[in-house]
$ cat my_file-v4.cif   # mmCIF, C-alpha atoms and all ligand atoms
data_input
#
loop_
_atom_site.group_PDB
_atom_site.id
_atom_site.type_symbol
_atom_site.label_atom_id
_atom_site.label_comp_id
_atom_site.auth_asym_id
_atom_site.auth_seq_id
_atom_site.Cartn_x
_atom_site.Cartn_y
_atom_site.Cartn_z
ATOM 1 C CA ILE A 1 0.000 0.000 0.000
ATOM 2 C CA PRO A 2 2.715 2.621 0.770
ATOM 3 C CA PHE A 3 4.265 1.987 -2.684
ATOM 4 C CA ALA A 4 0.921 2.444 -4.393
ATOM 5 C CA LEU A 5 0.361 5.663 -2.437
ATOM 6 C CA ARG A 6 3.617 7.173 -3.739
ATOM 7 C CA ARG A 7 2.288 7.158 -7.264
ATOM 8 C CA PHE A 8 -0.036 10.012 -6.268
ATOM 9 C CA ASP A 9 2.804 12.494 -5.813
ATOM 10 C CA ILE A 10 2.378 15.247 -8.381
ATOM 11 C CA TYR A 11 5.432 17.186 -7.174
ATOM 12 C CA ARG A 12 8.132 14.847 -8.365
ATOM 13 C CA LYS A 13 11.661 16.193 -8.776
ATOM 14 C CA VAL A 14 13.362 16.756 -12.119
ATOM 15 C CA PRO A 15 15.093 15.259 -14.063
ATOM 16 C CA LYS A 16 12.464 12.557 -14.471
ATOM 17 C CA ASP A 17 14.752 9.508 -14.287
ATOM 18 C CA LEU A 18 16.355 10.807 -11.115
ATOM 19 C CA THR A 19 13.116 11.669 -9.357
ATOM 20 C CA GLN A 20 11.665 9.538 -6.655
ATOM 21 C CA PRO A 21 8.219 9.827 -5.096
ATOM 22 C CA THR A 22 8.244 10.459 -1.365
ATOM 23 C CA TYR A 23 5.621 9.738 1.265
ATOM 24 C CA THR A 24 5.495 13.387 2.354
ATOM 25 C CA GLY A 25 4.983 14.479 -1.247
ATOM 26 C CA ALA A 26 2.232 11.934 -1.740
ATOM 27 C CA ILE A 27 0.419 13.022 1.395
ATOM 28 C CA ILE A 28 0.638 16.703 0.403
ATOM 29 C CA SER A 29 -0.621 15.886 -3.101
ATOM 30 C CA VAL A 30 -3.616 13.944 -1.845
ATOM 31 C CA CYS A 31 -4.447 16.705 0.632
ATOM 32 C CA CYS A 32 -4.197 19.292 -2.152
ATOM 33 C CA CYS A 33 -6.562 17.342 -4.401
ATOM 34 C CA LEU A 34 -9.086 16.972 -1.602
ATOM 35 C CA PHE A 35 -8.847 20.661 -0.809
ATOM 36 C CA ILE A 36 -9.295 21.631 -4.465
ATOM 37 C CA LEU A 37 -12.310 19.325 -4.653
ATOM 38 C CA PHE A 38 -13.770 20.923 -1.511
ATOM 39 C CA LEU A 39 -13.292 24.433 -2.908
ATOM 40 C CA PHE A 40 -14.821 23.437 -6.224
ATOM 41 C CA LEU A 41 -17.863 21.838 -4.580
ATOM 42 C CA SER A 42 -18.375 24.873 -2.323
ATOM 43 C CA GLU A 43 -18.320 27.173 -5.332
ATOM 44 C CA LEU A 44 -20.651 24.867 -7.237
ATOM 45 C CA THR A 45 -23.245 24.734 -4.436
ATOM 46 C CA GLY A 46 -22.969 28.523 -4.095
ATOM 47 C CA PHE A 47 -23.666 28.824 -7.815
ATOM 48 C CA ILE A 48 -26.597 26.393 -7.848
ATOM 49 C CA THR A 49 -28.450 27.635 -4.752
ATOM 50 C CA THR A 50 -30.362 30.895 -4.851
ATOM 51 C CA GLU A 51 -29.828 33.261 -1.996
ATOM 52 C CA VAL A 52 -32.527 35.569 -0.726
ATOM 53 C CA VAL A 53 -31.406 39.106 -0.049
ATOM 54 C CA ASN A 54 -33.601 41.430 1.950
ATOM 55 C CA GLU A 55 -33.780 45.172 2.045
ATOM 56 C CA LEU A 56 -35.965 47.787 3.689
ATOM 57 C CA TYR A 57 -37.335 50.967 2.207
ATOM 58 C CA VAL A 58 -40.079 53.504 2.809
ATOM 59 C CA ASP A 59 -42.711 53.248 0.093
ATOM 60 C CA ASP A 60 -46.076 51.782 -0.700
ATOM 61 C CA PRO A 61 -45.081 48.761 -2.811
ATOM 62 C CA ASP A 62 -48.470 47.698 -4.098
ATOM 63 C CA LYS A 63 -49.771 50.916 -5.646
ATOM 64 C CA ASP A 64 -52.155 49.165 -8.056
ATOM 65 C CA SER A 65 -54.225 47.715 -5.249
ATOM 66 C CA GLY A 66 -56.277 50.900 -4.941
ATOM 67 C CA GLY A 67 -55.237 51.304 -1.332
ATOM 68 C CA LYS A 68 -56.767 47.994 -0.292
ATOM 69 C CA ILE A 69 -55.389 44.912 1.419
ATOM 70 C CA ASP A 70 -57.023 41.504 1.054
ATOM 71 C CA VAL A 71 -57.622 39.752 4.336
ATOM 72 C CA SER A 72 -58.252 36.085 4.862
ATOM 73 C CA LEU A 73 -59.689 35.059 8.224
ATOM 74 C CA ASN A 74 -60.532 31.578 9.460
ATOM 75 C CA ILE A 75 -61.679 31.345 13.069
ATOM 76 C CA SER A 76 -63.652 28.797 15.081
ATOM 77 C CA LEU A 77 -65.955 29.687 17.966
ATOM 78 C CA PRO A 78 -66.974 26.299 19.352
ATOM 79 C CA ASN A 79 -69.656 27.685 21.706
ATOM 80 C CA LEU A 80 -71.384 30.346 19.649
ATOM 81 C CA HIS A 81 -74.218 29.615 17.241
ATOM 82 C CA CYS A 82 -73.684 30.657 13.594
ATOM 83 C CA ASP A 83 -76.776 32.894 13.625
ATOM 84 C CA LEU A 84 -75.077 35.110 16.186
ATOM 85 C CA VAL A 85 -71.613 35.359 14.644
ATOM 86 C CA GLY A 86 -70.904 38.410 12.534
ATOM 87 C CA LEU A 87 -67.976 40.408 11.244
ATOM 88 C CA ASP A 88 -67.888 44.196 11.448
ATOM 89 C CA ILE A 89 -65.307 46.398 9.755
ATOM 90 C CA GLN A 90 -64.453 49.945 10.795
ATOM 91 C CA ASP A 91 -61.665 52.301 9.838
ATOM 92 C CA GLU A 92 -60.403 55.851 9.906
ATOM 93 C CA MET A 93 -61.731 56.542 6.428
ATOM 94 C CA GLY A 94 -65.217 56.413 7.874
ATOM 95 C CA ARG A 95 -66.045 52.891 6.853
ATOM 96 C CA HIS A 96 -68.398 51.154 9.235
ATOM 97 C CA GLU A 97 -69.789 47.904 7.975
ATOM 98 C CA VAL A 98 -71.812 45.717 10.327
ATOM 99 C CA GLY A 99 -72.435 42.068 9.532
ATOM 100 C CA HIS A 100 -70.113 41.731 6.550
ATOM 101 C CA ILE A 101 -71.233 38.708 4.512
ATOM 102 C CA ASP A 102 -69.634 38.889 1.024
ATOM 103 C CA ASN A 103 -67.181 36.040 0.385
ATOM 104 C CA SER A 104 -67.693 34.673 3.834
ATOM 105 C CA MET A 105 -68.942 31.348 5.009
ATOM 106 C CA LYS A 106 -70.197 30.109 8.352
ATOM 107 C CA VAL A 107 -69.752 26.413 9.016
ATOM 108 C CA PRO A 108 -71.687 24.959 11.985
ATOM 109 C CA LEU A 109 -69.520 23.079 14.486
ATOM 110 C CA ASN A 110 -70.406 20.794 17.431
ATOM 111 C CA SER A 111 -73.814 19.932 15.882
ATOM 112 C CA GLY A 112 -74.856 23.570 15.624
ATOM 113 C CA ALA A 113 -73.592 24.794 19.001
ATOM 114 C CA GLY A 114 -70.495 26.354 17.516
ATOM 115 C CA CYS A 115 -69.422 28.095 14.351
ATOM 116 C CA ARG A 116 -66.443 28.450 12.096
ATOM 117 C CA PHE A 117 -66.208 31.754 10.275
ATOM 118 C CA GLU A 118 -64.222 31.795 7.027
ATOM 119 C CA GLY A 119 -64.060 35.170 5.375
ATOM 120 C CA GLN A 120 -62.255 37.045 2.618
ATOM 121 C CA PHE A 121 -62.577 40.796 2.679
ATOM 122 C CA SER A 122 -60.487 43.844 2.063
ATOM 123 C CA ILE A 123 -59.451 46.660 4.329
ATOM 124 C CA ASN A 124 -58.209 50.130 3.497
ATOM 125 C CA LYS A 125 -54.595 51.052 4.081
ATOM 126 C CA VAL A 126 -55.477 53.223 7.048
ATOM 127 C CA PRO A 127 -55.633 52.272 10.732
ATOM 128 C CA GLY A 128 -58.839 50.525 11.659
ATOM 129 C CA ASN A 129 -60.285 47.350 13.047
ATOM 130 C CA PHE A 130 -62.468 44.416 12.237
ATOM 131 C CA HIS A 131 -64.165 42.394 14.884
ATOM 132 C CA VAL A 132 -66.057 39.172 15.271
ATOM 133 C CA SER A 133 -69.007 39.702 17.570
ATOM 134 C CA THR A 134 -72.730 39.263 18.037
ATOM 135 C CA HIS A 135 -73.343 42.969 17.259
ATOM 136 C CA SER A 136 -75.169 42.193 14.024
ATOM 137 C CA ALA A 137 -77.470 39.581 15.598
ATOM 138 C CA SER A 138 -80.975 40.703 16.534
ATOM 139 C CA ALA A 139 -81.107 38.885 19.870
ATOM 140 C CA GLN A 140 -78.188 39.153 22.312
ATOM 141 C CA PRO A 141 -78.103 36.064 24.521
ATOM 142 C CA ASN A 142 -75.022 35.405 26.646
ATOM 143 C CA PRO A 143 -72.301 35.002 24.060
ATOM 144 C CA ASP A 144 -69.281 32.783 24.577
ATOM 145 C CA MET A 145 -66.295 34.191 22.732
ATOM 146 C CA THR A 146 -63.784 31.388 23.327
ATOM 147 C CA HIS A 147 -62.107 30.730 19.997
ATOM 148 C CA VAL A 148 -59.281 29.269 17.958
ATOM 149 C CA ILE A 149 -57.769 31.234 15.072
ATOM 150 C CA HIS A 150 -56.706 28.974 12.223
ATOM 151 C CA LYS A 151 -55.578 31.672 9.898
ATOM 152 C CA LEU A 152 -55.295 35.406 9.627
ATOM 153 C CA SER A 153 -53.268 36.569 6.673
ATOM 154 C CA PHE A 154 -53.023 39.642 4.491
ATOM 155 C CA GLY A 155 -52.272 39.950 0.783
ATOM 156 C CA ASP A 156 -50.979 37.175 -1.467
ATOM 157 C CA THR A 157 -50.000 33.880 0.096
ATOM 158 C CA LEU A 158 -46.271 33.344 -0.164
ATOM 159 C CA GLN A 159 -45.059 29.767 -0.291
ATOM 160 C CA VAL A 160 -41.338 30.236 0.078
ATOM 161 C CA GLN A 161 -38.978 28.170 2.150
ATOM 162 C CA ASN A 162 -36.051 30.512 2.675
ATOM 163 C CA VAL A 163 -38.045 33.306 4.268
ATOM 164 C CA HIS A 164 -38.934 32.927 7.926
ATOM 165 C CA GLY A 165 -41.598 35.543 8.253
ATOM 166 C CA ALA A 166 -44.703 36.128 10.295
ATOM 167 C CA PHE A 167 -47.280 35.847 7.526
ATOM 168 C CA ASN A 168 -49.771 34.007 9.725
ATOM 169 C CA ALA A 169 -48.576 35.035 13.182
ATOM 170 C CA LEU A 170 -51.984 34.430 14.751
ATOM 171 C CA GLY A 171 -52.516 31.019 13.148
ATOM 172 C CA GLY A 172 -52.998 28.505 15.942
ATOM 173 C CA ALA A 173 -53.882 31.081 18.625
ATOM 174 C CA ASP A 174 -56.015 29.100 21.080
ATOM 175 C CA ARG A 175 -58.272 30.919 23.562
ATOM 176 C CA LEU A 176 -60.557 27.974 24.410
ATOM 177 C CA THR A 177 -59.811 28.138 28.128
ATOM 178 C CA SER A 178 -60.398 31.891 28.448
ATOM 179 C CA ASN A 179 -63.301 33.443 30.315
ATOM 180 C CA PRO A 180 -66.265 32.986 27.914
ATOM 181 C CA LEU A 181 -67.462 36.540 28.518
ATOM 182 C CA ALA A 182 -64.081 38.150 27.940
ATOM 183 C CA SER A 183 -63.355 40.361 24.962
ATOM 184 C CA HIS A 184 -60.101 39.844 23.118
ATOM 185 C CA ASP A 185 -58.029 42.555 21.568
ATOM 186 C CA TYR A 186 -55.380 41.683 19.047
ATOM 187 C CA ILE A 187 -53.274 44.663 18.168
ATOM 188 C CA LEU A 188 -51.589 44.087 14.834
ATOM 189 C CA LYS A 189 -48.728 45.967 13.227
ATOM 190 C CA ILE A 190 -48.809 45.100 9.551
ATOM 191 C CA VAL A 191 -45.558 45.191 7.590
ATOM 192 C CA PRO A 192 -45.814 45.279 3.763
ATOM 193 C CA THR A 193 -43.636 42.579 2.238
ATOM 194 C CA VAL A 194 -42.579 42.153 -1.383
ATOM 195 C CA TYR A 195 -41.105 38.933 -2.693
ATOM 196 C CA GLU A 196 -39.332 39.018 -6.036
ATOM 197 C CA ASP A 197 -38.418 35.675 -7.538
ATOM 198 C CA LYS A 198 -35.636 34.915 -10.035
ATOM 199 C CA SER A 199 -37.795 35.764 -13.040
ATOM 200 C CA GLY A 200 -38.477 39.219 -11.559
ATOM 201 C CA LYS A 201 -42.107 38.470 -10.725
ATOM 202 C CA GLN A 202 -43.218 40.325 -7.631
ATOM 203 C CA ARG A 203 -45.746 39.163 -5.102
ATOM 204 C CA TYR A 204 -47.197 41.431 -2.454
ATOM 205 C CA SER A 205 -47.916 40.139 0.974
ATOM 206 C CA TYR A 206 -47.930 41.384 4.533
ATOM 207 C CA GLN A 207 -46.385 40.184 7.742
ATOM 208 C CA TYR A 208 -47.525 41.287 11.153
ATOM 209 C CA THR A 209 -46.728 41.255 14.821
ATOM 210 C CA VAL A 210 -49.384 40.813 17.479
ATOM 211 C CA ALA A 211 -49.935 41.987 21.012
ATOM 212 C CA ASN A 212 -53.080 40.826 22.720
ATOM 213 C CA LYS A 213 -55.127 41.479 25.783
ATOM 214 C CA GLU A 214 -58.220 40.017 27.300
ATOM 215 C CA TYR A 215 -60.732 41.903 29.413
ATOM 216 C CA VAL A 216 -64.394 41.930 30.410
ATOM 217 C CA ALA A 217 -66.138 44.991 29.025
ATOM 218 C CA TYR A 218 -69.498 46.293 30.235
ATOM 219 C CA SER A 219 -71.643 48.423 27.974
ATOM 220 C CA HIS A 220 -73.409 51.545 29.283
ATOM 221 C CA THR A 221 -76.523 49.442 29.935
ATOM 222 C CA GLY A 222 -74.474 47.191 32.222
ATOM 223 C CA ARG A 223 -74.586 44.242 29.857
ATOM 224 C CA ILE A 224 -71.547 42.350 28.742
ATOM 225 C CA ILE A 225 -71.208 42.205 24.971
ATOM 226 C CA PRO A 226 -67.849 40.624 24.224
ATOM 227 C CA ALA A 227 -66.085 40.715 20.887
ATOM 228 C CA ILE A 228 -62.856 39.624 19.262
ATOM 229 C CA TRP A 229 -61.151 42.755 18.002
ATOM 230 C CA PHE A 230 -58.390 42.930 15.457
ATOM 231 C CA ARG A 231 -56.994 46.456 15.561
ATOM 232 C CA TYR A 232 -54.463 47.106 12.873
ATOM 233 C CA ASP A 233 -52.027 49.740 11.817
ATOM 234 C CA LEU A 234 -49.603 49.731 8.907
ATOM 235 C CA SER A 235 -45.880 50.138 8.993
ATOM 236 C CA PRO A 236 -44.467 52.685 6.506
ATOM 237 C CA ILE A 237 -41.429 50.444 6.049
ATOM 238 C CA THR A 238 -41.595 47.763 3.365
ATOM 239 C CA VAL A 239 -39.488 44.611 3.495
ATOM 240 C CA LYS A 240 -38.348 43.331 0.140
ATOM 241 C CA TYR A 241 -36.958 39.841 -0.402
ATOM 242 C CA THR A 242 -35.150 39.257 -3.673
ATOM 243 C CA GLU A 243 -34.020 35.887 -4.989
ATOM 244 C CA ARG A 244 -30.535 36.103 -6.470
ATOM 245 C CA ARG A 245 -28.392 33.685 -8.356
ATOM 246 C CA GLN A 246 -24.643 34.041 -8.887
ATOM 247 C CA PRO A 247 -23.813 34.975 -12.496
ATOM 248 C CA LEU A 248 -22.014 32.317 -14.554
ATOM 249 C CA TYR A 249 -18.921 34.470 -15.259
ATOM 250 C CA ARG A 250 -18.331 34.898 -11.523
ATOM 251 C CA PHE A 251 -18.569 31.160 -11.004
ATOM 252 C CA ILE A 252 -16.036 30.565 -13.791
ATOM 253 C CA THR A 253 -13.560 33.145 -12.508
ATOM 254 C CA THR A 254 -13.720 31.889 -8.926
ATOM 255 C CA VAL A 255 -13.251 28.312 -10.096
HETATM 256 C C1 LIG A 301 -60.329 26.800 8.137
HETATM 257 O O1 LIG A 301 -59.666 26.047 9.136
HETATM 258 C C2 LIG A 301 -60.189 24.732 9.300
HETATM 259 C C3 LIG A 301 -59.507 24.070 10.472
HETATM 260 O O2 LIG A 301 -58.113 24.081 10.332
HETATM 261 C C4 LIG A 301 -60.000 23.945 7.997
HETATM 262 O O3 LIG A 301 -60.570 22.661 8.124
HETATM 263 C C5 LIG A 301 -60.689 24.709 6.865
HETATM 264 O O4 LIG A 301 -60.451 24.042 5.641
HETATM 265 C C6 LIG A 301 -60.156 26.123 6.792
HETATM 266 N N1 LIG A 301 -60.879 26.845 5.761
HETATM 267 C C7 LIG A 301 -60.280 27.507 4.772
HETATM 268 C C8 LIG A 301 -61.152 28.232 3.811
HETATM 269 O O5 LIG A 301 -59.064 27.530 4.664
#
$ encode --input "my_file-v4.cif" --output "structure tokens"
Amino acid sequence: IPFALRRFDIYRKVPKDLTQPTYTGAIISVCCCLFILFLFLSELTGFITTEVVNELYVDDPDKDSGGKIDVSLNISLPNLHCDLVGLDIQDEMGRHEVGHIDNSMKVPLNSGAGCRFEGQFSINKVPGNFHVSTHSASAQPNPDMTHVIHKLSFGDTLQVQNVHGAFNALGGADRLTSNPLASHDYILKIVPTVYEDKSGKQRYSYQYTVANKEYVAYSHTGRIIPAIWFRYDLSPITVKYTERRQPLYRFITTV
């Protein structure tokens, strides 16, 4: 085996007939080849994989939207009948919509005792709120606002692996063990997010952070009318993720 190993020496001495492979030379040669291979493979993986670069800027990225943001909400209230569940939307532009029903669906749960509300609606790009409550119902029995949020997302859905964002930060929020009569406030800070893929196609989405509180609110008549409030505000800063791939000439020169 040591004799066979010596054949790998690429640094043999001249003149040829006087050279002799050495063990040290062979070991250095093998190490060099392995190192070159390692460098080549690192460059190759760097060339093949796309990196995602992010940047921040102050602008409204999605100007064609007409100042609207699409919202997708999916929430279950296991102890509130579907007839009582409603969605109201209010904002600083004077919008006040009670019992929003377009593009929304109520699915009875627990053989009619509960309800799942699935809604698609749009909000203006101004601070405001939307809330799930019994405000639009004609009768006001004792409502039970315990709930689970499956999804709350804004804008286009982004299915990208290399971005760890908060596109559905409230997804999975479980308030089943809360006081049934408590109101819930979710205070959302919405951050516009643009994702540009390799072909230059841009998708507009939104991430958000949440703070929440729970409290029992009495109305002026002394009754308790709880609600689940989503109060939102928009960040002026946009996050932009751009997919980049190393150009071929750079790969060749580094190799
Ligand atoms: C809402 O969430 C429930 C529970 O996870 C799921 O079964 C249902 O398909 C969702 N609805 C939509 C429209 O995504």
$ resolve_selection --input "my_file-v4.cif" --expression "the PyMOL selection byres (((not hetatm)) within 8 of (chain A and resi 301))" --output "number ranges by chain"
A: 74-76, 116-119, 150-151
$ write_last_selection --input "my_file-v4.cif" --atoms "C-alpha atoms" --output "PDB file, keeping the file's coordinate frame"
ATOM      1  CA  ASN A  74     -60.532  31.578   9.460  1.00  0.00           C
ATOM      2  CA  ILE A  75     -61.679  31.345  13.069  1.00  0.00           C
ATOM      3  CA  SER A  76     -63.652  28.797  15.081  1.00  0.00           C
ATOM      4  CA  ARG A 116     -66.443  28.450  12.096  1.00  0.00           C
ATOM      5  CA  PHE A 117     -66.208  31.754  10.275  1.00  0.00           C
ATOM      6  CA  GLU A 118     -64.222  31.795   7.027  1.00  0.00           C
ATOM      7  CA  GLY A 119     -64.060  35.170   5.375  1.00  0.00           C
ATOM      8  CA  HIS A 150     -56.706  28.974  12.223  1.00  0.00           C
ATOM      9  CA  LYS A 151     -55.578  31.672   9.898  1.00  0.00           C
TER      10      LYS A 151
END
$ atom_distance --input "my_file-v4.cif" --atom1 "CA of Leu87 (chain A)" --atom2 "CA of Pro143 (chain A)"
14.6 Å
$ resolve_selection --input "my_file-v4.cif" --expression "the PyMOL selection byres (((chain A and resi 170) around 7) and not hetatm)" --output "count of residues only"
8
$ atom_distance --input "my_file-v4.cif" --atom1 "CA of Phe130 (chain A)" --atom2 "CA of Val148 (chain A)"
16.5 Å
$ atom_distance --input "my_file-v4.cif" --atom1 "CA of Tyr186 (chain A)" --atom2 "CA of Ile228 (chain A)"
7.8 Å
$ axis_aligned_box --input "my_file-v4.cif" --around "region 207-220 of chain A" --padding-each-side "5 Å" --output "JSON"
{"center_x": -59.9, "center_y": 45.8, "center_z": 19.1, "size_x": 37.0, "size_y": 21.5, "size_z": 32.7}
$ closest_residue --input "my_file-v4.cif" --among "A:Gln90, A:Leu188, A:Tyr204, A:Ser219" --to "Asp64 (chain A)" --atoms "all atoms listed in the file"
A:Tyr204
$ resolve_selection --input "my_file-v4.cif" --expression "the PyMOL selection byres (((chain A and resi 231) around 6) and not hetatm)" --output "list in words"
Gly128, Asn129, Ile187, Leu188, Phe230 and Tyr232 of chain A
$ closest_atom_pairs --input "my_file-v4.cif" --of "region 43-148 of chain A" --to "region 236-253 of chain A" --cutoff "12 Å" --atoms "only C-alpha atoms" --output "CSV"
residue,atom,partner,partner_atom,distance
A:Glu43,CA,A:Phe251,CA,6.9
A:Leu44,CA,A:Phe251,CA,7.6
A:Thr45,CA,A:Phe251,CA,10.3
A:Gly46,CA,A:Gln246,CA,7.5
A:Phe47,CA,A:Gln246,CA,5.4
A:Ile48,CA,A:Arg245,CA,7.5
A:Thr49,CA,A:Arg245,CA,7.0
A:Thr50,CA,A:Arg245,CA,4.9
A:Glu51,CA,A:Arg244,CA,5.3
A:Val52,CA,A:Glu243,CA,4.5
A:Val53,CA,A:Thr242,CA,5.2
A:Asn54,CA,A:Tyr241,CA,4.4
A:Glu55,CA,A:Lys240,CA,5.3
A:Leu56,CA,A:Val239,CA,4.7
A:Tyr57,CA,A:Thr238,CA,5.5
A:Val58,CA,A:Ile237,CA,4.7
A:Asp59,CA,A:Thr238,CA,6.5
A:Asp60,CA,A:Thr238,CA,7.3
A:Pro61,CA,A:Thr238,CA,7.2
A:Asp62,CA,A:Thr238,CA,10.1
A:Lys125,CA,A:Pro236,CA,10.5
A:Val126,CA,A:Pro236,CA,11.0
A:Pro127,CA,A:Pro236,CA,11.9
$ closest_residue --input "my_file-v4.cif" --among "A:Pro226, A:Gly165, A:Gly99, A:Pro78" --to "Gly114 (chain A)" --atoms "only C-alpha atoms"
A:Pro78
$ residues_around --input "my_file-v4.cif" --residues "Trp229 (chain A)" --least-positions-apart "4" --cutoff "6 Å" --atoms "all atoms listed in the file" --output "number ranges by chain"
A: 131, 184-186
$ write_last_selection --input "my_file-v4.cif" --atoms "C-alpha atoms" --output "PDB file, in the coordinates of the input"
ATOM      1  CA  HIS A 131     -64.165  42.394  14.884  1.00  0.00           C
ATOM      2  CA  HIS A 184     -60.101  39.844  23.118  1.00  0.00           C
ATOM      3  CA  ASP A 185     -58.029  42.555  21.568  1.00  0.00           C
ATOM      4  CA  TYR A 186     -55.380  41.683  19.047  1.00  0.00           C
TER       5      TYR A 186
END
$ build_atoms --input "my_file-v4.cif" --residues "region 205-212 of chain A" --atoms "all heavy atoms" --output "short mmCIF file (atom, residue, chain, number, x, y, z; two decimals), in the frame of the given file"
data_model
loop_
_atom_site.label_atom_id
_atom_site.label_comp_id
_atom_site.auth_asym_id
_atom_site.auth_seq_id
_atom_site.Cartn_x
_atom_site.Cartn_y
_atom_site.Cartn_z
N SER A 205 -47.28 40.73 -0.18
CA SER A 205 -47.92 40.14 0.97
C SER A 205 -47.67 41.04 2.17
O SER A 205 -47.11 42.13 2.03
CB SER A 205 -47.38 38.74 1.20
OG SER A 205 -48.14 38.09 2.17
N TYR A 206 -48.08 40.59 3.31
CA TYR A 206 -47.93 41.38 4.53
C TYR A 206 -47.58 40.46 5.67
O TYR A 206 -48.11 39.37 5.76
CB TYR A 206 -49.23 42.12 4.86
CG TYR A 206 -49.61 43.13 3.80
CD1 TYR A 206 -50.32 42.73 2.66
CD2 TYR A 206 -49.22 44.45 3.90
CE1 TYR A 206 -50.63 43.63 1.67
CE2 TYR A 206 -49.52 45.36 2.91
CZ TYR A 206 -50.23 44.95 1.80
OH TYR A 206 -50.53 45.84 0.81
N GLN A 207 -46.67 40.91 6.50
CA GLN A 207 -46.38 40.18 7.74
C GLN A 207 -46.93 41.05 8.87
O GLN A 207 -47.22 42.21 8.68
CB GLN A 207 -44.88 40.02 7.92
CG GLN A 207 -44.23 39.31 6.76
CD GLN A 207 -42.75 39.10 7.00
OE1 GLN A 207 -42.35 38.36 7.88
NE2 GLN A 207 -41.95 39.78 6.21
N TYR A 208 -47.07 40.45 10.03
CA TYR A 208 -47.52 41.29 11.15
C TYR A 208 -47.05 40.75 12.48
O TYR A 208 -46.72 39.57 12.62
CB TYR A 208 -49.05 41.43 11.15
CG TYR A 208 -49.81 40.12 11.25
CD1 TYR A 208 -50.25 39.64 12.48
CD2 TYR A 208 -50.11 39.36 10.12
CE1 TYR A 208 -50.96 38.45 12.57
CE2 TYR A 208 -50.82 38.18 10.21
CZ TYR A 208 -51.23 37.73 11.43
OH TYR A 208 -51.92 36.55 11.52
N THR A 209 -47.02 41.64 13.44
CA THR A 209 -46.73 41.26 14.82
C THR A 209 -48.02 41.47 15.61
O THR A 209 -48.87 42.25 15.21
CB THR A 209 -45.64 42.13 15.43
OG1 THR A 209 -46.07 43.48 15.39
CG2 THR A 209 -44.33 42.00 14.67
N VAL A 210 -48.15 40.75 16.70
CA VAL A 210 -49.38 40.81 17.48
C VAL A 210 -49.08 41.06 18.95
O VAL A 210 -48.15 40.49 19.50
CB VAL A 210 -50.14 39.46 17.46
CG1 VAL A 210 -51.57 39.66 17.93
CG2 VAL A 210 -50.11 38.81 16.12
N ALA A 211 -49.90 41.89 19.55
CA ALA A 211 -49.94 41.99 21.01
C ALA A 211 -51.38 41.73 21.35
O ALA A 211 -52.27 42.11 20.59
CB ALA A 211 -49.52 43.38 21.46
N ASN A 212 -51.67 41.03 22.44
CA ASN A 212 -53.08 40.83 22.72
C ASN A 212 -53.41 41.02 24.18
O ASN A 212 -52.55 40.93 25.05
CB ASN A 212 -53.55 39.46 22.22
CG ASN A 212 -53.10 38.35 23.10
OD1 ASN A 212 -51.92 38.10 23.24
ND2 ASN A 212 -54.05 37.69 23.74
#
